[in-house]
Amino acid sequence: MRTQVAIIGAGPAGLLLGQLLAKAGIANIIIEQRSRAHVLSRIRAGVLEPGTVALLDEAGVGQRLHREGLPHGGFELCIDGRLQRIDLQALTGKQVMIYGQTELTRDLMDARAEAGLESVYEAQQVEVLDFDGRQPGVRFVQDGRARELRCDFIAGCDGFHGICRASVPPALLTTHEKVYPFGWLGVLADVPPVSPELIYVRHERGFALCSQRSATRSRYYLQCDSQARVEQWSDQAFWDELRRRLPAAEAARLVSGPALEKSIAPLRSFVAEPMRFGRLFLAGDAAHIVPPTGAKGLNLAASDVAYLWQALADFYRGSELGVDHYSQRCLQRIWKAERFSWWMTTLLHRFPNQPAFDARLQEAELSYLIESAHGRGMIAENYVGLPL
Ligand code: FAD
Ligand code: DHB
């Protein structure tokens, strides 16, 4: 087998890169270790920045997103039981789009199938080879048979637990990591959202987030113990706890129902530097993780992909500049998103054994910012993200 770009991983990063490269006339094959159905069953992100939406339009996969996505011109922060709105539209002139990662992945998979582009699902024992030379490759097992794919470049879009970053000699890689002492318990349910906009709640019992997927489907999250297991949380316990963390009017309005999906995500900040090793590029969660509070993970994956696609298109037109600057360009943006995500997480969550003094400072910092136009503007600008 031979192609120009071998893409490892069919998450949003890999699929979007494949689509953009194909539009630029660059051949690519995606190698994914899971089944298509498994990839589609993962319920994750919900908020797309305007830059991400523009990139999806450019890739030609924005039709259903514009039809079914929910444009949001603001969100609520709930501090001490009081709702305070961050008016994204007024403060930045921009809106975000609520559209589930699952739907986006489905659109990208459909577009790929329609364009007749090759993907290998359920690939076993995936290995990346010779990326420090001119003829890199990928070895894997498909339906019990060993296969080898030769290529010009490898795009490591295989998420945090993938093999691409793990294949880089440790001496070439610097990693930065912070693990938070709590997780998020998420529930997806076919109930109408409690509020027209997202609500991020800081509460003495812990953080909560009210999000949504449509007028009839809601996505809620609760800060939980980092050791917690999903089986310990019945649906009833989840709804009861969410009600406790919401202001009285929202708690009274909250409609509960059976969980369609329930899962726990750990919270971590992580950056691997650099993001290019010869002919191997890392993109998305393979290179960095943000805690989900700032809604940045999927959007960062999209911005890496925008830079990588442009770099590779330039390369095939004869310029290596984009390829050489890929890592630096991505990392500048990544560290800004890391900062915002860490900051939102630090101010909105309750830390175990947190001294009362620190909790009061959290509250004071949030109030200080929310009460000033400058502070609101700063939150809004970070939330809608930088243009690509
Ligand atoms: P992934 O989605 O992890 O995809 C990687 C793919 O590679 C997977 O399909 C995996 O099976 C495959 N793979 C792994 N190893 C191998 C291998 N060895 N060989 C072949 N394939 C392999 N982000 C936002 O922007 N906004 C949000 O609102 C938001 N909310 C979130 C809420 C939660 C609860 C969580 C957990 C995450 C959230 N995120 C959010 C983050 C977002 O989901 C991720 O950043 C995004 O999925 C990254 O995409 P990716 O393609 O880089 O990685
Ligand atoms: C969702 C997830 C987030 O992490 C976030 O900040 C906002 C929304 C969601 O899944 O809808």
# chains A, B, ... in the order shown; residues from 1 in each chain; ligands from 1
$ residues_around --residues "region 183-193 of chain A" --least-positions-apart "4" --cutoff "8 Å" --atoms "only C-alpha atoms" --output "VMD selection string"
chain A and resid 210 to 212 214 to 226 230 254 to 267
$ residues_near_ligand --ligand "ligand 1" --cutoff "7 Å" --atoms "only C-alpha atoms and all ligand atoms" --output "NGL selection string"
:A and (8-14 or 31-34 or 39 or 44-48 or 101 or 123 or 126 or 157-163 or 184 or 186 or 265 or 283-286 or 289 or 292 or 295-301)
$ closest_residue --among "A:Gly62, A:Pro247, A:Gly294, A:Gly133" --to "ligand 2" --atoms "only C-alpha atoms and all ligand atoms"
A:Gly294
$ atom_distance --atom1 "CA of Ser35 (chain A)" --atom2 "CA of Val120 (chain A)"
9.2 Å
$ closest_residue --among "A:Leu17, A:Cys78, A:Val96, A:Met275" --to "ligand 2" --atoms "only C-alpha atoms and all ligand atoms"
A:Val96
$ residues_around --residues "Leu20 (chain A)" --least-positions-apart "3" --cutoff "12 Å" --atoms "only C-alpha atoms" --output "NGL selection string"
:A and (5 or 13-17 or 23-28 or 55-61 or 108 or 111-112 or 115 or 117 or 302 or 305-313)
$ write_last_selection --atoms "N, CA, C and O atoms" --output "short mmCIF file (atom, residue, chain, number, x, y, z; two decimals), in the first residue's frame"
data_model
loop_
_atom_site.label_atom_id
_atom_site.label_comp_id
_atom_site.auth_asym_id
_atom_site.auth_seq_id
_atom_site.Cartn_x
_atom_site.Cartn_y
_atom_site.Cartn_z
N VAL A 5 -0.16 10.81 2.63
CA VAL A 5 -0.21 11.03 4.09
C VAL A 5 -0.97 9.88 4.76
O VAL A 5 -2.13 9.63 4.43
N ALA A 13 -9.85 14.94 14.62
CA ALA A 13 -8.62 15.46 14.01
C ALA A 13 -8.29 14.69 12.74
O ALA A 13 -8.07 15.29 11.68
N GLY A 14 -8.25 13.37 12.82
CA GLY A 14 -7.87 12.56 11.67
C GLY A 14 -8.85 12.69 10.51
O GLY A 14 -8.45 12.85 9.35
N LEU A 15 -10.13 12.65 10.83
CA LEU A 15 -11.14 12.72 9.77
C LEU A 15 -11.13 14.08 9.08
O LEU A 15 -11.26 14.18 7.86
N LEU A 16 -11.01 15.14 9.87
CA LEU A 16 -11.03 16.48 9.28
C LEU A 16 -9.77 16.70 8.43
O LEU A 16 -9.85 17.25 7.31
N LEU A 17 -8.63 16.24 8.92
CA LEU A 17 -7.40 16.37 8.14
C LEU A 17 -7.54 15.63 6.81
O LEU A 17 -7.18 16.16 5.76
N LYS A 23 -9.35 17.50 -0.41
CA LYS A 23 -9.80 18.67 -1.18
C LYS A 23 -8.63 19.37 -1.86
O LYS A 23 -8.77 20.00 -2.90
N ALA A 24 -7.44 19.28 -1.24
CA ALA A 24 -6.25 19.90 -1.83
C ALA A 24 -5.55 18.93 -2.80
O ALA A 24 -4.43 19.21 -3.24
N GLY A 25 -6.17 17.78 -3.06
CA GLY A 25 -5.61 16.82 -4.03
C GLY A 25 -4.49 15.97 -3.44
O GLY A 25 -3.68 15.41 -4.18
N ILE A 26 -4.44 15.86 -2.11
CA ILE A 26 -3.37 15.07 -1.47
C ILE A 26 -3.96 13.74 -0.97
O ILE A 26 -4.90 13.73 -0.16
N ALA A 27 -3.39 12.65 -1.48
CA ALA A 27 -3.92 11.31 -1.16
C ALA A 27 -3.64 10.98 0.30
O ALA A 27 -2.59 11.32 0.84
N ASN A 28 -4.61 10.33 0.95
CA ASN A 28 -4.42 9.94 2.35
C ASN A 28 -5.23 8.70 2.69
O ASN A 28 -6.27 8.46 2.10
N LEU A 55 -13.72 26.34 9.41
CA LEU A 55 -12.86 25.29 8.86
C LEU A 55 -13.70 24.12 8.34
O LEU A 55 -13.40 23.53 7.29
N LEU A 56 -14.76 23.79 9.09
CA LEU A 56 -15.63 22.69 8.66
C LEU A 56 -16.35 23.07 7.36
O LEU A 56 -16.54 22.23 6.47
N ASP A 57 -16.71 24.34 7.24
CA ASP A 57 -17.30 24.81 5.97
C ASP A 57 -16.31 24.66 4.84
O ASP A 57 -16.64 24.21 3.76
N GLU A 58 -15.07 25.04 5.13
CA GLU A 58 -14.03 24.95 4.10
C GLU A 58 -13.81 23.49 3.67
O GLU A 58 -13.53 23.22 2.50
N ALA A 59 -13.96 22.59 4.62
CA ALA A 59 -13.79 21.16 4.31
C ALA A 59 -15.02 20.61 3.58
O ALA A 59 -15.03 19.46 3.16
N GLY A 60 -16.08 21.42 3.50
CA GLY A 60 -17.29 21.00 2.78
C GLY A 60 -18.20 20.11 3.61
O GLY A 60 -19.01 19.35 3.06
N VAL A 61 -18.09 20.18 4.96
CA VAL A 61 -18.93 19.32 5.79
C VAL A 61 -19.83 20.12 6.74
O VAL A 61 -20.26 19.60 7.77
N LEU A 108 -18.28 13.83 9.02
CA LEU A 108 -16.96 13.64 8.40
C LEU A 108 -16.81 12.23 7.83
O LEU A 108 -16.26 12.04 6.75
N ALA A 111 -18.86 12.11 4.61
CA ALA A 111 -18.20 12.83 3.51
C ALA A 111 -17.04 12.00 2.97
O ALA A 111 -16.79 11.95 1.77
N ARG A 112 -16.34 11.33 3.88
CA ARG A 112 -15.19 10.51 3.46
C ARG A 112 -15.66 9.33 2.61
O ARG A 112 -15.06 9.02 1.58
N ALA A 115 -16.71 10.53 -0.83
CA ALA A 115 -15.59 10.88 -1.70
C ALA A 115 -14.77 9.64 -2.08
O ALA A 115 -13.79 9.75 -2.81
N LEU A 117 -12.82 7.84 -0.18
CA LEU A 117 -11.47 7.84 0.41
C LEU A 117 -11.31 6.61 1.32
O LEU A 117 -12.25 6.19 1.99
N ALA A 302 -8.93 21.00 15.88
CA ALA A 302 -9.25 21.59 14.58
C ALA A 302 -8.19 22.61 14.17
O ALA A 302 -7.79 22.66 13.00
N VAL A 305 -5.11 20.88 12.94
CA VAL A 305 -5.38 20.32 11.61
C VAL A 305 -5.33 21.41 10.53
O VAL A 305 -4.80 21.19 9.44
N ALA A 306 -5.83 22.60 10.85
CA ALA A 306 -5.79 23.70 9.87
C ALA A 306 -4.34 24.00 9.51
O ALA A 306 -3.99 24.15 8.34
N TYR A 307 -3.46 24.07 10.53
CA TYR A 307 -2.06 24.39 10.27
C TYR A 307 -1.36 23.25 9.52
O TYR A 307 -0.53 23.48 8.65
N LEU A 308 -1.69 22.01 9.90
CA LEU A 308 -1.02 20.87 9.28
C LEU A 308 -1.43 20.72 7.81
O LEU A 308 -0.59 20.48 6.94
N TRP A 309 -2.71 20.90 7.56
CA TRP A 309 -3.20 20.80 6.19
C TRP A 309 -2.55 21.87 5.31
O TRP A 309 -2.05 21.58 4.21
N GLN A 310 -2.46 23.10 5.83
CA GLN A 310 -1.82 24.17 5.06
C GLN A 310 -0.34 23.87 4.84
O GLN A 310 0.19 24.07 3.75
N ALA A 311 0.33 23.35 5.89
CA ALA A 311 1.76 23.05 5.79
C ALA A 311 2.01 21.98 4.73
O ALA A 311 2.94 22.09 3.92
N LEU A 312 1.18 20.94 4.73
CA LEU A 312 1.38 19.84 3.78
C LEU A 312 1.05 20.29 2.35
O LEU A 312 1.75 19.94 1.40
N ALA A 313 0.00 21.11 2.22
CA ALA A 313 -0.36 21.61 0.88
C ALA A 313 0.80 22.46 0.35
O ALA A 313 1.19 22.34 -0.81
#
$ closest_residue --among "A:Arg42, A:Arg85, A:Lys178, A:Arg213" --to "ligand 2" --atoms "only C-alpha atoms and all ligand atoms"
A:Arg213
$ select_by_dssp --residues "region 16-59 of chain A" --states "strand (DSSP E or B)" --output "list of chain:residue names"
A:Asn28, A:Ile29, A:Ile30, A:Ile31, A:Val47, A:Leu48
$ write_last_selection --atoms "C-alpha atoms" --output "tab-separated table (two decimals), in the first residue's frame"
chain	number	residue	atom	x	y	z
A	28	ASN	CA	-4.42	9.94	2.35
A	29	ILE	CA	-5.44	6.77	4.15
A	30	ILE	CA	-6.81	6.64	7.70
A	31	ILE	CA	-5.82	3.77	10.00
A	47	VAL	CA	-19.10	23.59	21.71
A	48	LEU	CA	-17.55	24.68	18.39
$ closest_residue --among "A:Gly206, A:Gly100, A:Pro355, A:Gly377" --to "ligand 2" --atoms "only C-alpha atoms and all ligand atoms"
A:Gly100
$ closest_residue --among "A:Ile379, A:Val290, A:Val194, A:Leu242" --to "ligand 2" --atoms "only C-alpha atoms and all ligand atoms"
A:Val290
$ atom_distance --atom1 "CA of Val138 (chain A)" --atom2 "CA of Ser167 (chain A)"
11.8 Å
$ closest_residue --among "A:His72, A:His38, A:Arg276, A:His349" --to "Gly322 (chain A)" --atoms "only C-alpha atoms"
A:Arg276
$ atom_distance --atom1 "CA of Gly156 (chain A)" --atom2 "CA of Glu127 (chain A)"
11.1 Å
$ select_by_dssp --residues "region 48-294 of chain A" --states "helix (DSSP H, G or I)" --output "number ranges by chain"
A: 50-58, 63-68, 88-92, 101-114, 165-167, 170-172, 230-232, 235-245, 248-253, 284-286, 292-294
$ residues_around --residues "Ala272 (chain A)" --least-positions-apart "2" --cutoff "6 Å" --atoms "only C-alpha atoms" --output "ChimeraX atom specification"
/A:174-175,287
